[in-house]
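Colleague: Shown below is the structure under consideration.
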Amino acid sequence: MTAVRLNIIQNIQNSRKYKAIYYKTIERVVDDCIFRFGIKRAEKEARNLLHQIWGAYFRTRPNFKKLIRKVYDQLDQGLDKKSISLELLKLQSSSRERISIFDKFYIEIFKITGKPASIIDHGCGLNPLSILWMDLPESTKYQAYDIDIEEVDFLRDVLKLLKLDSQAEVDTGDVLLGEFQYADVVFLFKLLPCLEHQSKDYLKGVLAQKCKFLVISYPVWSLSGKGKGMNNFYTSEFLKQFGKYRNRVKQLQFQTEMVFIVEK
């Protein structure tokens, strides 16, 4: 069993499509698929699941090396940081949808949580580039984690070029695996439906976060552009999962995103 398991993990890690995924996430998904589907189906099911949780968020996988060169050129041309960041945020479906509400998104969240001294952003995607709209004190520590190794490396380079790396740090990390340090606020933007696909016990990982506030959001529109009934569905799901916190929840409704703020 051990040899077969390792072979499956290595096959996926060495594949062109999935080589950019955090190896601990691949191990976790493979182990879960072996448990659920058996050794014969495990690799196929693991690949399908990895596509669902990682491969569906870019219309086309960016060439991050070319993008870095483009950022260099834009800075040489005098383009401002926000314009550069906006162009990059449009590359990913989740962050692209948030652009239209940036003017009030973080303002409304921080009205409830207060300006945090520390933030952890799980499954961050390209969201660290939105730090320019957070209007945080210089002393605030923002740490972001994602399972996409290439994306994490890219974000580190961009944040350094934009001189934002003293405040924003990005690293590989899996909310269902790692133990993370305390943060005043933990962002879980559009992440829970993705986690639910991966594990029946995903809420344990979410609730284990050491923080004062969990900021959980859901999409108003699906990746295919369908929105009918999604608000009611996700509100119902949230209340089922976080019912014991009902009296400590604030809800915010934006045009493209629904946000629940849970005071732990």
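Residues in the structure tokens are named by chain (A, B, ... in the order shown) and by number from 1 within that chain; ligands are numbered from 1 in the order shown.
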So which residues touch Leu177 (chain A) within 10 Å, counting only C-alpha atoms, skipping near sequence neighbours fewer than 4 positions away, as a short mmCIF file (atom, residue, chain, number, x, y, z; two decimals) with C-alpha atoms, in the first residue's frame?
Modeller:
```
data_model
loop_
_atom_site.label_atom_id
_atom_site.label_comp_id
_atom_site.auth_asym_id
_atom_site.auth_seq_id
_atom_site.Cartn_x
_atom_site.Cartn_y
_atom_site.Cartn_z
CA LYS A 24 1.23 18.48 1.28
CA THR A 25 -2.14 19.20 -0.33
CA ARG A 28 -3.79 14.97 1.76
CA GLY A 173 -0.20 26.67 3.11
CA TYR A 202 -13.43 20.69 6.97
CA GLY A 205 -9.95 23.11 10.30
#
```
Colleague: What's around Lys44 (chain A) at 12 Å? Count only C-alpha atoms, leave out sequence neighbours fewer than 4 positions away in its own chain, and write the answer as a list in words.
Modeller: Ile8, Ile9, Asn11, Ile12, Val29, Val30, Cys33, Ile34, Phe37, Gly38, Ile39, Lys40, Asn48, Leu49, Leu50 and His51 of chain A
Colleague: Which residues are close to region 181-191 of chain A, i.e. within 8 Å by only C-alpha atoms, leaving aside same-chain residues fewer than 3 positions away? Reply as a compact mmCIF listing (two decimals) with N, CA, C and O atoms, in the first residue's frame.
Modeller:
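And here is the file that came out, part-v9.txt:
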```
# COMPACT_ATOMS: atom_id res chain seq x y z
N SER A 94 -12.15 34.84 -9.05
CA SER A 94 -12.59 35.27 -7.72
C SER A 94 -12.23 36.72 -7.43
O SER A 94 -13.06 37.51 -6.98
N THR A 113 -15.05 44.64 12.42
CA THR A 113 -13.92 43.99 13.13
C THR A 113 -12.99 45.00 13.79
O THR A 113 -12.22 44.65 14.68
N PRO A 116 -7.58 45.61 12.06
CA PRO A 116 -6.83 44.55 12.73
C PRO A 116 -5.34 44.83 12.79
O PRO A 116 -4.77 45.49 11.92
N ALA A 117 -4.70 44.28 13.82
CA ALA A 117 -3.24 44.34 13.92
C ALA A 117 -2.61 43.20 13.13
O ALA A 117 -1.43 43.26 12.80
N SER A 118 -3.42 42.18 12.84
CA SER A 118 -2.91 41.03 12.09
C SER A 118 -4.05 40.38 11.31
O SER A 118 -5.19 40.31 11.78
N ILE A 119 -3.71 39.91 10.10
CA ILE A 119 -4.68 39.25 9.22
C ILE A 119 -4.03 38.00 8.64
O ILE A 119 -2.86 38.02 8.25
N ILE A 120 -4.80 36.92 8.57
CA ILE A 120 -4.40 35.75 7.79
C ILE A 120 -5.45 35.55 6.70
O ILE A 120 -6.65 35.58 6.97
N ASP A 121 -4.98 35.36 5.48
CA ASP A 121 -5.85 35.20 4.32
C ASP A 121 -5.60 33.81 3.73
O ASP A 121 -4.58 33.56 3.11
N HIS A 122 -6.55 32.89 3.95
CA HIS A 122 -6.40 31.51 3.48
C HIS A 122 -6.98 31.34 2.07
O HIS A 122 -8.00 31.94 1.74
N GLY A 123 -6.30 30.50 1.27
CA GLY A 123 -6.75 30.29 -0.11
C GLY A 123 -6.80 31.62 -0.83
O GLY A 123 -7.76 31.95 -1.53
N CYS A 124 -5.72 32.39 -0.69
CA CYS A 124 -5.74 33.81 -1.04
C CYS A 124 -5.87 34.10 -2.52
O CYS A 124 -6.35 35.16 -2.91
N CYS A 194 -15.33 25.21 -1.52
CA CYS A 194 -14.19 24.45 -2.03
C CYS A 194 -13.70 23.45 -0.99
O CYS A 194 -13.39 22.30 -1.30
N LEU A 195 -13.64 23.86 0.27
CA LEU A 195 -13.20 22.96 1.34
C LEU A 195 -14.19 21.83 1.56
O LEU A 195 -13.80 20.70 1.87
N GLN A 209 -9.00 27.81 13.67
CA GLN A 209 -8.21 29.02 13.46
C GLN A 209 -8.22 29.88 14.71
O GLN A 209 -9.27 30.14 15.30
N LYS A 210 -7.03 30.32 15.09
CA LYS A 210 -6.89 31.16 16.28
C LYS A 210 -7.08 32.62 15.87
O LYS A 210 -6.21 33.22 15.24
N CYS A 211 -8.23 33.16 16.20
CA CYS A 211 -8.51 34.53 15.76
C CYS A 211 -9.66 35.11 16.58
O CYS A 211 -10.35 34.39 17.31
N LYS A 212 -9.88 36.39 16.40
CA LYS A 212 -11.03 37.05 17.01
C LYS A 212 -12.22 37.02 16.06
O LYS A 212 -13.36 36.83 16.47
N PHE A 213 -11.93 37.21 14.76
CA PHE A 213 -12.99 37.22 13.76
C PHE A 213 -12.67 36.31 12.59
O PHE A 213 -11.55 36.33 12.07
N LEU A 214 -13.65 35.51 12.18
CA LEU A 214 -13.60 34.81 10.89
C LEU A 214 -14.42 35.61 9.90
O LEU A 214 -15.59 35.94 10.17
N VAL A 215 -13.84 35.95 8.76
CA VAL A 215 -14.57 36.67 7.72
C VAL A 215 -14.76 35.71 6.56
O VAL A 215 -13.82 35.39 5.83
N ILE A 216 -15.98 35.22 6.41
CA ILE A 216 -16.31 34.15 5.47
C ILE A 216 -17.19 34.72 4.37
O ILE A 216 -18.20 35.38 4.65
N SER A 217 -16.81 34.48 3.13
CA SER A 217 -17.65 34.99 2.05
C SER A 217 -18.04 33.87 1.09
O SER A 217 -17.41 32.80 1.04
N TYR A 218 -19.12 34.14 0.36
CA TYR A 218 -19.63 33.21 -0.64
C TYR A 218 -19.88 33.99 -1.93
O TYR A 218 -20.23 35.18 -1.89
N PRO A 219 -19.76 33.33 -3.07
CA PRO A 219 -20.05 34.01 -4.33
C PRO A 219 -21.54 34.21 -4.53
O PRO A 219 -22.36 33.41 -4.06
```
Colleague: Give me, as a PDB file with C-alpha atoms, in the first residue's frame, all polymer residues having an atom no more than 9 Å from Tyr106 (chain A), counting only C-alpha atoms and skipping those fewer than 5 positions away in the same chain.
Modeller:
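In the end it all went to part_16.pdb:
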```pdb
ATOM      1  CA  ILE A 101     -16.860  46.453  -4.821  1.00  0.00           C
ATOM      2  CA  LYS A 111     -16.269  48.742  10.520  1.00  0.00           C
ATOM      3  CA  TRP A 133      -7.576  48.983  -0.881  1.00  0.00           C
ATOM      4  CA  MET A 134      -7.521  47.751   2.740  1.00  0.00           C
ATOM      5  CA  ASP A 135      -6.205  51.046   4.126  1.00  0.00           C
TER       6      ASP A 135
END
```
Colleague: For the contact check between region 144-237 of chain A and region 64-83 of chain A, emit one row per residue of region 144-237 of chain A within 8 Å, containing the shortest atom pair and the distance in Å rounded to one decimal, counting only C-alpha atoms, chain then rising number order, as CSV.
Modeller:
```
residue,atom,partner,partner_atom,distance
A:Glu150,CA,A:Phe64,CA,7.6
A:Glu151,CA,A:Phe64,CA,7.5
A:Phe154,CA,A:Phe64,CA,6.2
A:Asp157,CA,A:Ile68,CA,7.5
A:Val158,CA,A:Ile68,CA,6.9
A:Leu161,CA,A:Tyr72,CA,7.7
A:Leu162,CA,A:Lys81,CA,6.4
```
Colleague: I need the residue nearest Leu164 (chain A) from this list: A:Ile109, A:Ala3, A:Ile131, A:Leu91. Use only C-alpha atoms for the distance.
Modeller: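 The closest residue to Leu164 (chain A) is A:Ile131.
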Colleague: Name the residues of region 152-187 of chain A that come out as helix (DSSP H, G or I) in a backbone DSSP run; write them as JSON, numbers by chain.
Modeller: {"A": [152, 153, 154, 155, 156, 157, 158, 159, 160, 161]}
Colleague: Write a file of the selected residues as a short mmCIF file (atom, residue, chain, number, x, y, z; two decimals), in the first residue's frame, keeping N, CA, C and O atoms.
Modeller:
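The new file out01.cif reads:
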```cif
data_model
loop_
_atom_site.label_atom_id
_atom_site.label_comp_id
_atom_site.auth_asym_id
_atom_site.auth_seq_id
_atom_site.Cartn_x
_atom_site.Cartn_y
_atom_site.Cartn_z
N VAL A 152 2.22 31.76 -5.59
CA VAL A 152 2.85 32.31 -4.38
C VAL A 152 4.18 32.98 -4.73
O VAL A 152 4.45 34.10 -4.29
N ASP A 153 5.01 32.31 -5.52
CA ASP A 153 6.29 32.90 -5.94
C ASP A 153 6.07 34.19 -6.72
O ASP A 153 6.80 35.18 -6.55
N PHE A 154 5.08 34.18 -7.59
CA PHE A 154 4.75 35.36 -8.39
C PHE A 154 4.33 36.52 -7.49
O PHE A 154 4.80 37.66 -7.65
N LEU A 155 3.45 36.24 -6.54
CA LEU A 155 2.99 37.29 -5.63
C LEU A 155 4.13 37.89 -4.82
O LEU A 155 4.19 39.10 -4.61
N ARG A 156 5.04 37.03 -4.37
CA ARG A 156 6.20 37.54 -3.63
C ARG A 156 6.98 38.53 -4.48
O ARG A 156 7.39 39.59 -4.00
N ASP A 157 7.21 38.19 -5.75
CA ASP A 157 7.96 39.06 -6.64
C ASP A 157 7.23 40.38 -6.89
O ASP A 157 7.83 41.46 -6.86
N VAL A 158 5.92 40.29 -7.13
CA VAL A 158 5.14 41.51 -7.41
C VAL A 158 5.09 42.41 -6.18
O VAL A 158 5.29 43.63 -6.28
N LEU A 159 4.83 41.83 -5.03
CA LEU A 159 4.76 42.64 -3.81
C LEU A 159 6.09 43.33 -3.53
O LEU A 159 6.12 44.47 -3.06
N LYS A 160 7.18 42.65 -3.84
CA LYS A 160 8.51 43.26 -3.66
C LYS A 160 8.70 44.41 -4.65
O LYS A 160 9.17 45.50 -4.27
N LEU A 161 8.31 44.21 -5.90
CA LEU A 161 8.44 45.26 -6.91
C LEU A 161 7.60 46.49 -6.56
O LEU A 161 8.01 47.62 -6.81
#
```
Colleague: Report, in Å with one decimal, the straight-line distance from CA of Leu89 (chain A) to CA of Pro128 (chain A).
Modeller: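 Interatomic distance here is 9.4 Å.
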Colleague: Compare A:Ala144, A:Leu203, A:Leu126, A:Ile99 by their minimum atom-to-atom distance to Phe254 (chain A), counting only C-alpha atoms, and give me the closest one.
Modeller: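 Nearest to Phe254 (chain A): A:Ile99.
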Colleague: Would you compute the distance between CA of Phe238 (chain A) and CA of Trp221 (chain A)? Give it in Å to one decimal.
Modeller: 16.5 Å
Colleague: Measure the distance from CA of Arg47 (chain A) to CA of Asn127 (chain A) in Å and round it to one decimal.
Modeller: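 Those two atoms sit 25.3 Å apart.
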Colleague: Fewer than 2 positions away in the same chain doesn't count, so skip those; otherwise give me all residues within 6 Å of Ala20 (chain A), counting only C-alpha atoms, as a PDB file with C-alpha atoms, in the first residue's frame.
Modeller:
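As a result, selection_4.pdb now contains:
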```pdb
ATOM      1  CA  TYR A  18      -0.471  19.609 -11.118  1.00  0.00           C
ATOM      2  CA  ASP A 148      -0.449  27.270  -5.735  1.00  0.00           C
ATOM      3  CA  ILE A 149       3.365  27.337  -5.546  1.00  0.00           C
ATOM      4  CA  GLU A 150       3.886  29.294  -8.780  1.00  0.00           C
TER       5      GLU A 150
END
```
